[in-house]
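Peer 1: A single structure is presented below for examination.
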Amino acid sequence: MSARVAALALVSSALVLPGCANRLTDNTPVCGEASSALVLAAQALPGTAYVPCINTLKTDWMYQDLQARRGLATFTLGSVALGTTFLRVSLQPDCDTSSARAVPSDEAGAPLFVDVHDDDQLRVVVIPDGDGVPLSVYASELVGGLDGTTLADRTMVARLDARDLPVASRADEAHESAAAVLLVTVRDSERRTVTVLLPDEDEERTAVPADDLLETLRDVSEPAAYTGAWYYPFAHGCVVYRFDAHGSGVATIETDVKAALGLYDAEVMRAQARDQGYDVR
Amino acid sequence: MGAESAGVRQAAVPRPSPVLSAVHGPALGDVGQQRTLRVAGVSLSGRRRRPSGDKPPLPHELGTAGRIWLAFAVCAVLLWLSLFVLPGSPDWWGRRDMGVVQWLADLRTEPVTTVMQALHALGSAWFIRPLRWAMILVLVLYRKWRILAAVIVAFMAVSLMVGLVARMVHRPRPFVEIIGDWVGYSHPSAPVAVLAVTLAALGLSLIPRGRWRSAWFVASGVLVALLGLSRTYLGVDHPSDVVVSAVLGPAVAVLAVRIIAPEALFPVSYRRGSTAHLDVTGRRGEAIRRALAEQMGIAVIDVEPFGLAGSGGSTPLRITVAGDPPRTIFGKLYAQSHLRSDSLYKIARTILYGSLEDEVRFTTVRRLVEYEDYILLKLKDAGLPSPEPYGFVELTPEREYLIVTEFLQNAQEMGEVELTDQITDDALLVVRRLWDAGLAHRDIKPANVMVRDGHVVLIDPAFATVRPSPWRQAVDLANMMIILALRSNAEYVYERALRLFSPDDIAEAFASTRSITVPTQSRSYLSALKRREGTDLIARFRELAPPRDPISIQRWSMRRLRVTLGAFLVLVLLVTILIDNVRGVGFV
């Protein structure tokens with residue numbers, strides 16, 4: 001064996017063998033045990049009352065490595081359904097909850113403030129352009145057919161806007177609330193078609209058959225989204241969950257995250273670490 | 001390969017030559033017995049077969065520095081194993097580590113803490129990044145690509161290893177009050193490893209071997225030690241984190257440089273010129289003498305580099321051998337660096353033009369030298385005027401060989417002689433004979449077509465092929481006609497060529513000609529002529545010859561696609577790395 005091969009073998013073994021080393025064995029911040037990850041997170045913020053931890057992850061959720069430095073510890077969760085980094089969990093010295101609202105907390109020792117944008121609805125406004133009973137009936141039929149329908153994990157909320165205002169102003173108002181506009185004319189009512197105007201598009205889709213409407217909306221609508229932050233402030237620290245979730249699974253994300261994550265009492269963790277011979281500050 | 005070659009006017013040194021055989025009977029019958037002969041003025045001592053187990057003339061050894069660093073690496077690994085793997089060792093080391101950290105924490109005073117926090121900056125990006133970028137810039141300016149590659153590989157390897165080990169060991173920070181900045185797990189200490197590999201790489205890549213380099217390493221050791229001390233004092237790292245990193249960084253740098261850009265082949269120097277040339281003094285010079293004496297029975301008086309400017313793919317040598325009077329032979333030294341440059345050249349040609357023909361690279365130096373020796377013999381057998389081949393000797397098995405030929409005394413490059421009808425006809429006849437023998441030289445340029453005593457001699461056939469494509473043979477004709485026309489004019493050369501080639505042959509030759517098919521030396525002469533006189537020789541030859549559509553030189557194959565895709569991916573990776581590092585998120 002040449003010196004080069006020997007050196008390579010030694011270095012390789014050195015890289016592999018330490019894997020069976022540390023007594024604080026777990027590199028994942030699991031609730032209930034003083035793992036390396038939890039200890040390191042606690043070291044990032046000496047004196048913190050809580051450390052964010054993982055209870056149980058859903059099947060397709062993935063934990064990504066803890067990143068810790070002086071004053072900040074973070075880890076992220078990814079999912080096929082919700083996005084590769086749909087949640088970033090941080091332990092930091094403090095947090096600004098001024099724009100958030102207080103909600104009942106699932107954690108005993110820390111209140112919860114949320115500042116999220118829950119976009120799991122697909123808003124649709126049907127605007128009749130013209131007069132006559134057949135048109136009104138057709139527009140009402142459209143609203144009735146769409147309202148409450150689930151499309152790409154989003155619940156459709158449809159309403160009729162038959163006010164005596166110019167069509168353009170009614171459409172602009174609908175777009176300002178991020179709603180899709182379904183414009184119908186007398187001719188549409190005869191042909192059972194509709195013109196679709198989307199909030200962020202200049203182009204309109206004309207003469208879309210009513211039977212193909214769901215398919216068209218599915219193609220053009222954004223997936224459901226859950227964005228924003230949850231804050232758990234406590235003595236000497238704050239745990240922040242930052243959401244950027246898109247896609248199926250958004251509807252249940254709040255309950256899923258509460259079940260998956262938790263705050264681990266740092267004093268309990270320190271006591272456990274001390275039992276193993278580590279005097280965590 | 002280049003404009004070099006040459007030798008004794010009379011074939012004086014045997015590959016067991018008929019001359020030698022005639023003098024002392026069967027050529028190898030008494031190999032190993034000491035004797036001295038004089039053949040054609042050249043002294044021949046007895047050849048000797050190297051017994052099994054004996055070292056070759058230039059043994060491949062790790063060297064003192066390599067041994068020291070290997071020992072360091074072994075120590076680091078053993079330390080690692082003892083730190084974390086042996087039963088109870090983590091606790092034992094943990095107590096020792098914590099004992100030191102706690103002791104230093106107890107000694108903390110405000111002034112000392114201020115000093116330590118200042119020293120802590122040695123491991124910061126603000127200190128290390130300028131060093132690394134400056135190093136890279138100097139290496140780029142001096143075109144030390146191989147050393148640059150070694151340096152970058154060392155940086156990347158250390159970053160990867162530190163990250164990987166940190167995740168596997170996941171050791172928390174020391175359990176004292178931490179008063180310095182830190183990132184991630186404690187073991188190994190990333191800033192110490194990064195500083196250590198940077199300083200070591202800088203010393204190995206920029207400072208020539210000698211006193212200054214030794215001084216640099218001492219200073220580097222002091223800097224790394226100070227950083228380690230400060231981090232331990234500040235409670236950021238354990239002592240063992242620091243020690244392992246301080247050994248790991250330089251060990252990786254030394255290994256990377258030794259493997260990718262060994263000092264013997266890529267010495268640190270700031271002289272201009274090809275880096276492929278080897279130093280033939282010192283150990284290698286002695287090895288050349290010993291190899292020639294033992295393997296060919298030639299007593300060498302002097303070895304000196306010769307015609308380096310014209311040679312990038314080997315180290316050409318003029319070797320003076322004992323005799324009355326002393327004679328000269330020509331040697332070409334091949335090593336792995338030449339093999340690598342040949343490989344890169346062929347990969348580039350494959351990507352740009354497809355496999356023009358047999359562009360398959362040589363896998364070992366031995367194969368490369370064997371091939372050139374074979375081609376020299378083939379030329380000789382075909383009656384082509386070329387230097388007398390004497391064979392080759394082994395310096396380091398599979399790594400370094402010296403091929404030896406006649407030295408063309410009093411020969412001039414074609415580009416320097418007064419062209420006569422005889423020389424023109426002779427040169428064209430050489431191509432005709434190459435065609436008839438089923439050979440192509442593939443590198444016909446002024447420096448490789450020598451004229452001695454009014455006759456043309458073809459040298460440097462390293463790229464030659466047997467049974468080449470008709471296209472390649474046509475290119476040889478075009479290149480020969482170009483270098484002749486550079487010394488005369490296209491009309492004259494065309495007329496002389498018609499004595500040996502048909503008009504269609506010449507038309508094919510220039511239909512095959514592209515910029516890439518014309519060697520760089522000829523191309524520069526052609527450009528100069530065009531600038532000076534406005535004459536486009538290739539266009540003029542095409543006008544003289546019968547019309548013929550250009551012959552495509554692009555060849556598509558799965559290999560070309562694979563190589564191109566691979567090169568593209570490597571390029572994307574390198575650009576990504578560059579962008580990351582310019583943005584400050586990479587390893588530099």
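Chains: A, B, ... in order of the structure tokens. Residues: from 1 per chain. Ligands: from 1, in order shown.
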Within 10 Å of chain A, which residues of chain B show up when using only C-alpha atoms, listed as an MDAnalysis selection string?
Peer 2: chainID B and resid 61:62 66:67 70:71 73:74 76:91 94:95 161:162 164:186 236 248 251:252 255 258:259
Peer 1: Going by DSSP on the backbone, which bits of range 274-495 of chain B are helix (DSSP H, G or I)? Write them as a PyMOL selection string, please.
Peer 2: chain B and resi 282-296+308-310+336-353+365-381+414-416+421-436+446-448+470-486+490-495
Peer 1: Need the shell around Val137 in chain A: protein/DNA/RNA residues with any atom at most 12 Å away, counting only C-alpha atoms. Skip same-chain ones fewer than 6 positions apart. Format as a PyMOL selection string?
Peer 2: chain A and resi 126+128+131+143-144+160+162+184-186+188-190+192
Peer 1: Please write the residues from the selection above to a file, keeping all heavy atoms, as a CSV table (one decimal), in the first residue's frame.
Peer 2:
```csv
chain,number,residue,atom,x,y,z
A,126,VAL,N,-68.2,37.4,-9.8
A,126,VAL,CA,-68.9,37.3,-11.1
A,126,VAL,C,-69.6,38.6,-11.4
A,126,VAL,O,-70.3,39.1,-10.6
A,126,VAL,CB,-70.0,36.1,-11.1
A,126,VAL,CG1,-70.7,36.1,-12.4
A,126,VAL,CG2,-69.4,34.8,-10.7
A,128,PRO,N,-71.8,40.6,-14.1
A,128,PRO,CA,-72.7,40.6,-15.3
A,128,PRO,C,-72.5,42.0,-16.1
A,128,PRO,O,-72.6,43.0,-15.4
A,128,PRO,CB,-74.1,40.4,-14.8
A,128,PRO,CG,-74.0,40.6,-13.3
A,128,PRO,CD,-72.6,40.8,-12.9
A,131,ASP,N,-78.1,43.6,-19.1
A,131,ASP,CA,-79.3,43.5,-18.4
A,131,ASP,C,-80.0,42.2,-18.9
A,131,ASP,O,-79.7,41.6,-19.9
A,131,ASP,CB,-80.2,44.7,-18.6
A,131,ASP,CG,-79.5,46.0,-18.0
A,131,ASP,OD1,-78.9,45.9,-16.9
A,131,ASP,OD2,-79.5,47.0,-18.7
A,143,VAL,N,-72.2,31.6,-9.7
A,143,VAL,CA,-71.9,31.9,-8.3
A,143,VAL,C,-72.2,30.6,-7.5
A,143,VAL,O,-71.4,30.1,-6.7
A,143,VAL,CB,-72.6,33.1,-7.8
A,143,VAL,CG1,-72.4,33.2,-6.3
A,143,VAL,CG2,-72.0,34.4,-8.4
A,144,GLY,N,-73.4,30.1,-7.7
A,144,GLY,CA,-73.9,29.0,-6.9
A,144,GLY,C,-73.0,27.7,-7.2
A,144,GLY,O,-72.7,26.9,-6.3
A,160,LEU,N,-71.5,37.6,-6.4
A,160,LEU,CA,-72.0,38.3,-7.5
A,160,LEU,C,-71.9,39.8,-7.3
A,160,LEU,O,-72.2,40.3,-6.2
A,160,LEU,CB,-73.5,37.9,-7.7
A,160,LEU,CG,-74.2,38.5,-8.9
A,160,LEU,CD1,-73.7,38.0,-10.2
A,160,LEU,CD2,-75.7,38.3,-8.9
A,162,ALA,N,-73.4,42.8,-9.0
A,162,ALA,CA,-74.3,43.3,-10.1
A,162,ALA,C,-74.6,44.8,-9.8
A,162,ALA,O,-75.6,45.3,-10.3
A,162,ALA,CB,-75.6,42.5,-10.1
A,184,VAL,N,-69.5,38.2,-17.5
A,184,VAL,CA,-70.5,37.5,-18.4
A,184,VAL,C,-71.3,38.5,-19.1
A,184,VAL,O,-71.8,39.5,-18.5
A,184,VAL,CB,-71.3,36.5,-17.6
A,184,VAL,CG1,-70.5,35.3,-17.2
A,184,VAL,CG2,-71.9,37.1,-16.4
A,185,THR,N,-71.6,38.3,-20.4
A,185,THR,CA,-72.5,39.1,-21.2
A,185,THR,C,-73.7,38.3,-21.6
A,185,THR,O,-73.8,37.1,-21.3
A,185,THR,CB,-71.8,39.6,-22.4
A,185,THR,OG1,-71.4,38.4,-23.2
A,185,THR,CG2,-70.5,40.4,-22.1
A,186,VAL,N,-74.6,39.0,-22.2
A,186,VAL,CA,-75.8,38.3,-22.7
A,186,VAL,C,-75.4,37.2,-23.6
A,186,VAL,O,-76.0,36.1,-23.6
A,186,VAL,CB,-76.8,39.3,-23.4
A,186,VAL,CG1,-78.0,38.6,-24.0
A,186,VAL,CG2,-77.3,40.4,-22.4
A,188,ASP,N,-72.7,35.6,-23.6
A,188,ASP,CA,-72.1,34.5,-22.9
A,188,ASP,C,-73.2,33.6,-22.3
A,188,ASP,O,-73.1,32.4,-22.2
A,188,ASP,CB,-71.2,35.0,-21.7
A,188,ASP,CG,-69.9,35.5,-22.2
A,188,ASP,OD1,-69.3,34.9,-23.1
A,188,ASP,OD2,-69.4,36.5,-21.7
A,189,SER,N,-74.3,34.3,-21.8
A,189,SER,CA,-75.4,33.5,-21.2
A,189,SER,C,-76.0,32.6,-22.2
A,189,SER,O,-76.5,31.5,-21.9
A,189,SER,CB,-76.4,34.5,-20.5
A,189,SER,OG,-77.1,35.2,-21.5
A,190,GLU,N,-76.1,33.1,-23.5
A,190,GLU,CA,-76.6,32.2,-24.5
A,190,GLU,C,-75.7,31.1,-24.9
A,190,GLU,O,-76.2,30.0,-25.1
A,190,GLU,CB,-76.9,33.1,-25.8
A,190,GLU,CG,-78.0,34.1,-25.6
A,190,GLU,CD,-77.9,35.2,-26.7
A,190,GLU,OE1,-77.1,35.1,-27.6
A,190,GLU,OE2,-78.8,36.1,-26.6
A,192,ARG,N,-73.3,29.9,-22.9
A,192,ARG,CA,-72.8,29.3,-21.7
A,192,ARG,C,-71.2,29.4,-21.6
A,192,ARG,O,-70.5,28.4,-21.4
A,192,ARG,CB,-73.2,27.8,-21.6
A,192,ARG,CG,-74.6,27.5,-21.9
A,192,ARG,CD,-75.6,27.8,-20.8
A,192,ARG,NE,-75.3,27.1,-19.5
A,192,ARG,CZ,-75.8,27.5,-18.3
A,192,ARG,NH1,-76.7,28.5,-18.3
A,192,ARG,NH2,-75.6,26.9,-17.2
```
Peer 1: Grab the CA of Ser99 in chain A to CA of Asp244 in chain A distance for me, in Å with one decimal place.
Peer 2: 17.7 Å
Peer 1: Skipping near chain neighbours, those fewer than 5 positions away, what residues fall within 10 Å of range 360-376 of chain B using only C-alpha atoms, listed as a ChimeraX atom specification?
Peer 2: /B:332-340,342-347,350,355,381-382,384,386-394,396-405,439,441,459-466
Peer 1: Identify, on the basis of only C-alpha atoms, every residue whose closest approach to Tyr50 in chain A does not exceed 9 Å; exclude the query and any residue fewer than 6 positions from it along the same chain; express the result as a PyMOL selection string.
Peer 2: chain A and resi 42+91+109-110+234-239+263-267
Peer 1: Using CA of Gly228 in chain B and CA of Gln102 in chain B as the two end points, give the distance in Å to one decimal.
Peer 2: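 Atom-to-atom, CA of Gly228 in chain B to CA of Gln102 in chain B, that is 15.1 Å.
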Peer 1: Identify all residues of range 183-404 of chain B in strand (DSSP E) (DSSP on the backbone) and supply them as a ChimeraX atom specification.
Peer 2: /B:300-305,315-321,327-334,389-396,400-404
Peer 1: Taking into account only C-alpha atoms, which residue in the set B:Ala134, B:Ala121, B:Leu107, B:Ile516 is nearest to Arg349 in chain B?
Peer 2: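 Between B:Ala134, B:Ala121, B:Leu107, B:Ile516, the residue approaching Arg349 in chain B most closely is B:Ile516.
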Peer 1: Show me, as a VMD selection string, the residues that have an atom within 12 Å of range 200-214 of chain A when counting only C-alpha atoms, minus same-chain residues fewer than 5 positions from it.
Peer 2: chain A and resid 122 124 138 to 139 141 to 143 145 to 147 149 to 152 156 171 to 172 174 to 185 187 to 195 219 to 222
Peer 1: Kindly save the residues from that selection, with N, CA and C atoms included, as a compact mmCIF listing (two decimals), in the first residue's frame.
Peer 2:
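Result saved to out-v1.txt:
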```txt
# COMPACT_ATOMS: atom_id res chain seq x y z
N LEU A 122 -59.82 30.92 -2.64
CA LEU A 122 -59.75 31.44 -3.99
C LEU A 122 -60.99 32.29 -4.22
N VAL A 124 -63.58 34.68 -6.10
CA VAL A 124 -64.06 34.88 -7.47
C VAL A 124 -65.24 35.85 -7.43
N TYR A 138 -77.99 33.31 -15.30
CA TYR A 138 -76.73 32.64 -15.65
C TYR A 138 -75.62 33.01 -14.65
N ALA A 139 -75.55 34.32 -14.32
CA ALA A 139 -74.52 34.77 -13.37
C ALA A 139 -74.75 34.12 -12.00
N GLU A 141 -76.21 31.34 -11.39
CA GLU A 141 -75.88 29.91 -11.50
C GLU A 141 -74.37 29.70 -11.35
N LEU A 142 -73.64 30.61 -11.97
CA LEU A 142 -72.17 30.49 -11.87
C LEU A 142 -71.72 30.63 -10.42
N VAL A 143 -72.25 31.64 -9.73
CA VAL A 143 -71.86 31.85 -8.33
C VAL A 143 -72.22 30.62 -7.51
N GLY A 145 -72.60 27.62 -8.46
CA GLY A 145 -71.81 26.44 -8.83
C GLY A 145 -70.39 26.49 -8.30
N LEU A 146 -69.86 27.69 -8.17
CA LEU A 146 -68.45 27.81 -7.76
C LEU A 146 -68.27 27.93 -6.25
N ASP A 147 -69.17 28.66 -5.60
CA ASP A 147 -68.97 28.96 -4.17
C ASP A 147 -68.88 27.68 -3.35
N THR A 149 -66.66 25.40 -3.61
CA THR A 149 -65.93 24.31 -4.28
C THR A 149 -64.46 24.34 -3.88
N THR A 150 -63.85 23.18 -3.71
CA THR A 150 -62.41 23.12 -3.39
C THR A 150 -61.62 22.93 -4.67
N LEU A 151 -60.62 23.79 -4.82
CA LEU A 151 -59.81 23.73 -6.04
C LEU A 151 -58.34 23.88 -5.64
N ALA A 152 -57.55 22.87 -5.92
CA ALA A 152 -56.12 22.90 -5.58
C ALA A 152 -55.91 23.31 -4.13
N MET A 156 -63.14 27.85 -2.80
CA MET A 156 -63.56 28.97 -3.63
C MET A 156 -64.66 29.77 -2.93
N ALA A 171 -64.38 45.50 -11.77
CA ALA A 171 -63.29 44.52 -11.95
C ALA A 171 -62.04 44.95 -11.18
N ASP A 172 -61.72 46.26 -11.24
CA ASP A 172 -60.55 46.76 -10.50
C ASP A 172 -60.70 46.51 -9.02
N ALA A 174 -62.42 44.22 -7.57
CA ALA A 174 -62.27 42.77 -7.30
C ALA A 174 -60.80 42.39 -7.32
N HIS A 175 -60.08 42.93 -8.28
CA HIS A 175 -58.66 42.59 -8.38
C HIS A 175 -57.87 43.11 -7.18
N GLU A 176 -58.32 44.26 -6.64
CA GLU A 176 -57.62 44.77 -5.46
C GLU A 176 -57.71 43.81 -4.29
N SER A 177 -58.77 43.05 -4.24
CA SER A 177 -58.88 42.05 -3.17
C SER A 177 -58.38 40.69 -3.64
N ALA A 178 -57.55 40.71 -4.70
CA ALA A 178 -56.92 39.50 -5.24
C ALA A 178 -57.92 38.48 -5.73
N ALA A 179 -59.08 38.95 -6.15
CA ALA A 179 -60.10 38.03 -6.64
C ALA A 179 -60.04 37.93 -8.16
N ALA A 180 -60.37 36.74 -8.65
CA ALA A 180 -60.49 36.57 -10.10
C ALA A 180 -61.86 37.09 -10.52
N VAL A 181 -61.92 37.66 -11.71
CA VAL A 181 -63.20 38.20 -12.21
C VAL A 181 -63.72 37.31 -13.33
N LEU A 182 -65.00 36.97 -13.19
CA LEU A 182 -65.66 36.23 -14.27
C LEU A 182 -66.67 37.19 -14.89
N LEU A 183 -66.39 37.64 -16.08
CA LEU A 183 -67.23 38.63 -16.75
C LEU A 183 -68.19 37.88 -17.68
N VAL A 184 -69.50 38.17 -17.53
CA VAL A 184 -70.45 37.49 -18.40
C VAL A 184 -71.34 38.52 -19.10
N THR A 185 -71.60 38.25 -20.37
CA THR A 185 -72.47 39.11 -21.16
C THR A 185 -73.71 38.30 -21.55
N ARG A 187 -74.50 37.55 -24.47
CA ARG A 187 -74.03 36.55 -25.45
C ARG A 187 -73.45 35.33 -24.74
N ASP A 188 -72.67 35.60 -23.64
CA ASP A 188 -72.11 34.49 -22.85
C ASP A 188 -73.22 33.62 -22.28
N SER A 189 -74.28 34.30 -21.80
CA SER A 189 -75.36 33.53 -21.18
C SER A 189 -76.02 32.62 -22.20
N GLU A 190 -76.06 33.08 -23.46
CA GLU A 190 -76.65 32.24 -24.51
C GLU A 190 -75.72 31.08 -24.86
N ARG A 191 -74.46 31.37 -24.88
CA ARG A 191 -73.48 30.34 -25.29
C ARG A 191 -72.94 29.53 -24.13
N ARG A 192 -73.28 29.91 -22.91
CA ARG A 192 -72.77 29.25 -21.69
C ARG A 192 -71.25 29.38 -21.64
N THR A 193 -70.78 30.60 -21.84
CA THR A 193 -69.33 30.86 -21.76
C THR A 193 -69.07 31.99 -20.77
N VAL A 194 -67.78 32.31 -20.55
CA VAL A 194 -67.43 33.35 -19.60
C VAL A 194 -66.06 33.94 -19.99
N THR A 195 -65.84 35.21 -19.61
CA THR A 195 -64.52 35.82 -19.81
C THR A 195 -63.82 35.89 -18.45
N ASP A 219 -55.71 25.99 -13.54
CA ASP A 219 -54.46 26.25 -14.25
C ASP A 219 -53.85 27.59 -13.87
N VAL A 220 -54.70 28.56 -13.64
CA VAL A 220 -54.17 29.91 -13.47
C VAL A 220 -54.04 30.33 -12.01
N SER A 221 -54.66 29.61 -11.12
CA SER A 221 -54.64 30.09 -9.73
C SER A 221 -53.37 29.67 -9.01
N GLU A 222 -52.92 30.52 -8.15
CA GLU A 222 -51.74 30.22 -7.33
C GLU A 222 -52.13 29.15 -6.30
```
Peer 1: Counting only C-alpha atoms, what is within 10 Å of Tyr231 in chain A, bar same-chain residues fewer than 5 positions away, as a list in words?
Peer 2: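 After dropping sequence-adjacent residues, the list is Ser90, Asp94, Cys95, Asp96, Thr97, Ala100, Arg101, Ala102, Ser105, Ala110, Pro111, Leu112, Phe113, Val114, Asp115, Cys238, Val239, Val240, Tyr241 and Arg242 of chain A.
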Peer 1: What separation in Å, quoted to one decimal, exists between CA of Val218 in chain B and CA of Ser205 in chain B?
Peer 2: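 CA of Val218 in chain B sits 16.0 Å away from CA of Ser205 in chain B.
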Peer 1: Of the candidates A:Asp161, A:Asp120, A:Asp106, A:Glu33, which shows the shortest atom-to-atom distance to Ile54 in chain A, using only C-alpha atoms?
Peer 2: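 Nearest to Ile54 in chain A: A:Glu33.
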